[in-house]
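Structure, as structure tokens:
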Amino acid sequence: MMMENTEIKPHRIVESVGEEVKELKKGDVVIPVFVGECGECENCNSEKTNLCLRHPLSFSGLLPDGTSRMSIRGQTLYHLLSCSTWSEYTVSDVNYVMKVDPDVALPHASFLSCGFSTGFGAAWMDSKVESGSSVAVIGLGAVGLGVVKGARVQGATTIIGVDKNGMKKDKGEAFGMTNFINPEAQQSSGNADSKSISEMVKDLTGGVGVDYCFECSGVPDLINQALEATKVGKGKAVVVGAGLDQFVQISFLNLLMGRTLKGTIFGGLKSKTHLPLLLHKCKNKEILLDELLTHEMKLEDVPKALDILKQSNCVKILIKI
Ligand SMILES: [Zn+2]
């Protein structure tokens, strides 16, 4: 199936479909997704996972038939995570494409292929945070802000955001955060007994910790902090952020004390079942994704984007291809 990007629409329009493709047609507006959903396998029929067995997460850079359909000047290009979105045209497997309502706000659709939706899903579908729960979120980028909103929609009453960028306080509150911890500000305030993140979370929860702590930064050591910030006997730490390190040391004692450590891909969202529900909430203004959009730029300015990402007022940069 061929898809094109246009100047006016930052998501994709189907240019043509293969002869066996039934659910899409030329002209449909779609967003690429990296988690497939066949709707029939053991995992697609399970409420516990979104990781389809028939269309697995692919890191090979190739389509399921083992080929790449893209090249430049005779050199093979690869399909990153089955999608490859930084191109004017691409060939996608229909199982990694989702049709969307063409009226959805244009930049917002691009925020839902991952990022905000991953965080939202982690609280909503993966952990199914219960009403009245207490939640901490480490790292308030688009993923962390998604967790904050997901926890709020699920009825969590205490939602603690943790970020070393003080400007994230306003963003967190816009999505439903109730308390903010800036560990660097508190650790550098000259206080002789500087506290760890988990101790600061416990200070805000009567010393017991939270029901759920979502680690969204990808910093390995913060997984232990997330675990330790949860309640003894029943707390759950959820790894949502991805870092460069493959291995991390986990404290035995924190696990033995009845806590659970879990990871999630795409927040447990099934792309075809759950993403349309999320898009509907955005279209109805139940979720204000405008809060995430802080910068826009052209594709040729991408090198500058890497610097802008480090600015404290940046959450998401929309690249216009
Ligand atoms: Zn499946």
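In the structure tokens, chains take letters A, B, ... by order of appearance, with residues numbered from 1 within each chain and ligands from 1 in the order shown.
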Collect all residues with atoms no farther than 12 Å from ligand 1, counting only C-alpha atoms and all ligand atoms, and output them as a ChimeraX atom specification. /A:35-47,49-57,95-96,270-273
DSSP-assigned alpha helix (DSSP H) members of segment 132-219 of chain A, reported as an NGL selection string: :A and (142-153 or 168-175 or 183-187 or 197-203)
Keeping only N, CA and C atoms, write the selected residues as a short mmCIF file (atom, residue, chain, number, x, y, z; two decimals), in the first residue's frame.
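again25.cif written:
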```
data_model
loop_
_atom_site.label_atom_id
_atom_site.label_comp_id
_atom_site.auth_asym_id
_atom_site.auth_seq_id
_atom_site.Cartn_x
_atom_site.Cartn_y
_atom_site.Cartn_z
N ALA A 142 5.91 14.04 26.87
CA ALA A 142 4.60 13.70 26.33
C ALA A 142 4.08 12.38 26.91
N VAL A 143 4.98 11.40 27.14
CA VAL A 143 4.55 10.11 27.71
C VAL A 143 4.06 10.30 29.15
N GLY A 144 4.87 10.99 29.97
CA GLY A 144 4.50 11.21 31.36
C GLY A 144 3.22 12.01 31.49
N LEU A 145 3.06 13.03 30.65
CA LEU A 145 1.83 13.83 30.69
C LEU A 145 0.63 12.99 30.28
N GLY A 146 0.87 12.02 29.39
CA GLY A 146 -0.19 11.08 29.02
C GLY A 146 -0.61 10.23 30.21
N VAL A 147 0.38 9.78 31.01
CA VAL A 147 0.05 9.00 32.22
C VAL A 147 -0.78 9.85 33.17
N VAL A 148 -0.36 11.12 33.35
CA VAL A 148 -1.09 12.01 34.26
C VAL A 148 -2.56 12.09 33.84
N LYS A 149 -2.78 12.31 32.54
CA LYS A 149 -4.17 12.44 32.05
C LYS A 149 -4.93 11.12 32.17
N GLY A 150 -4.25 10.03 31.83
CA GLY A 150 -4.90 8.72 31.93
C GLY A 150 -5.30 8.41 33.36
N ALA A 151 -4.41 8.71 34.31
CA ALA A 151 -4.70 8.46 35.73
C ALA A 151 -5.87 9.33 36.18
N ARG A 152 -5.89 10.57 35.70
CA ARG A 152 -6.98 11.48 36.07
C ARG A 152 -8.32 10.97 35.54
N VAL A 153 -8.34 10.54 34.28
CA VAL A 153 -9.57 10.02 33.67
C VAL A 153 -10.04 8.76 34.42
N LYS A 168 7.67 22.21 33.78
CA LYS A 168 6.70 21.14 33.55
C LYS A 168 5.57 21.15 34.58
N LYS A 169 5.72 21.96 35.61
CA LYS A 169 4.66 22.02 36.65
C LYS A 169 3.33 22.47 36.02
N ASP A 170 3.40 23.55 35.23
CA ASP A 170 2.17 24.06 34.61
C ASP A 170 1.58 23.04 33.64
N LYS A 171 2.46 22.39 32.87
CA LYS A 171 1.97 21.39 31.91
C LYS A 171 1.29 20.24 32.65
N GLY A 172 1.93 19.77 33.72
CA GLY A 172 1.36 18.66 34.49
C GLY A 172 -0.01 19.03 35.05
N GLU A 173 -0.12 20.24 35.56
CA GLU A 173 -1.40 20.67 36.15
C GLU A 173 -2.48 20.78 35.08
N ALA A 174 -2.08 21.16 33.86
CA ALA A 174 -3.06 21.26 32.77
C ALA A 174 -3.67 19.89 32.46
N PHE A 175 -2.93 18.81 32.74
CA PHE A 175 -3.45 17.46 32.45
C PHE A 175 -4.01 16.76 33.70
N PRO A 183 13.09 17.27 41.81
CA PRO A 183 14.12 16.71 42.70
C PRO A 183 15.39 17.54 42.71
N GLU A 184 15.75 18.14 41.58
CA GLU A 184 17.01 18.91 41.56
C GLU A 184 16.88 20.18 42.39
N ALA A 185 15.74 20.83 42.29
CA ALA A 185 15.54 22.06 43.07
C ALA A 185 15.59 21.75 44.55
N GLN A 186 14.97 20.60 44.93
CA GLN A 186 14.90 20.27 46.36
C GLN A 186 16.23 19.74 46.87
N GLN A 187 16.95 19.03 45.95
CA GLN A 187 18.23 18.48 46.39
C GLN A 187 19.31 19.55 46.46
N ILE A 197 13.99 10.60 45.31
CA ILE A 197 12.65 10.79 44.74
C ILE A 197 11.62 9.96 45.50
N SER A 198 11.97 8.71 45.81
CA SER A 198 10.99 7.85 46.49
C SER A 198 10.66 8.41 47.88
N GLU A 199 11.66 8.97 48.55
CA GLU A 199 11.38 9.57 49.87
C GLU A 199 10.48 10.79 49.73
N MET A 200 10.71 11.57 48.68
CA MET A 200 9.86 12.76 48.47
C MET A 200 8.42 12.36 48.15
N VAL A 201 8.27 11.27 47.38
CA VAL A 201 6.92 10.77 47.08
C VAL A 201 6.25 10.30 48.37
N LYS A 202 7.01 9.61 49.21
CA LYS A 202 6.43 9.12 50.47
C LYS A 202 6.03 10.28 51.38
N ASP A 203 6.84 11.36 51.36
CA ASP A 203 6.49 12.53 52.17
C ASP A 203 5.12 13.09 51.80
#
```
Give me, as a PyMOL selection string, all polymer residues having an atom no more than 8 Å from Ser312 of chain A, counting only C-alpha atoms and skipping those fewer than 2 positions away in the same chain. chain A and resi 165+167+309-310+314
From segment 27-276 of chain A, collect each residue whose DSSP state is strand (DSSP E) and return the set as a VMD selection string. chain A and resid 29 to 32 70 to 72 75 to 77 89 to 91 97 to 99 134 to 138 158 to 162 179 to 181 212 to 215 236 to 239 260 to 263
Dump as CSV the rows for residues of segment 61-128 of chain A within 10 Å of segment 204-218 of chain A: closest atom pair and distance in Å with one decimal, only C-alpha atoms counted, ordered by chain and rising residue number.
```
residue,atom,partner,partner_atom,distance
A:Thr118,CA,A:Cys216,CA,10.0
A:Gly119,CA,A:Cys216,CA,8.0
A:Ala122,CA,A:Phe214,CA,8.2
A:Ala123,CA,A:Phe214,CA,8.5
A:Ser127,CA,A:Tyr212,CA,8.5
```
So, with only C-alpha atoms as the atoms that count, which of A:Ser133, A:Leu293, A:Gln249, A:Lys48 lies closest to Phe116 of chain A?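 Using only C-alpha atoms, Phe116 of chain A sits closest to A:Leu293.
If you look at atom CA of Val91 of chain A and atom CA of Arg69 of chain A, they are 6.3 Å away from each other.
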Choose the residue, out of A:Gly27, A:Ala226, A:Trp86, A:Phe247, that has the smallest atom-to-atom separation from Lys320 of chain A; count only C-alpha atoms.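 Of A:Gly27, A:Ala226, A:Trp86, A:Phe247, the one nearest Lys320 of chain A is A:Trp86, counting only C-alpha atoms.
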Which residues come within 8 Å of Leu63 of chain A, counting only C-alpha atoms, excluding same-chain residues fewer than 5 positions away, as a list of chain:residue names?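 Returned residues: A:Ser68, A:Arg69, A:His79, A:Ser82, A:Ser92, A:Asp93.
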Tell me which of A:Thr85, A:Ser194, A:Ser113, A:Thr260 sits closest to Ala229 of chain A, counting only C-alpha atoms.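 Result for the nearest residue to Ala229 of chain A: A:Thr260.
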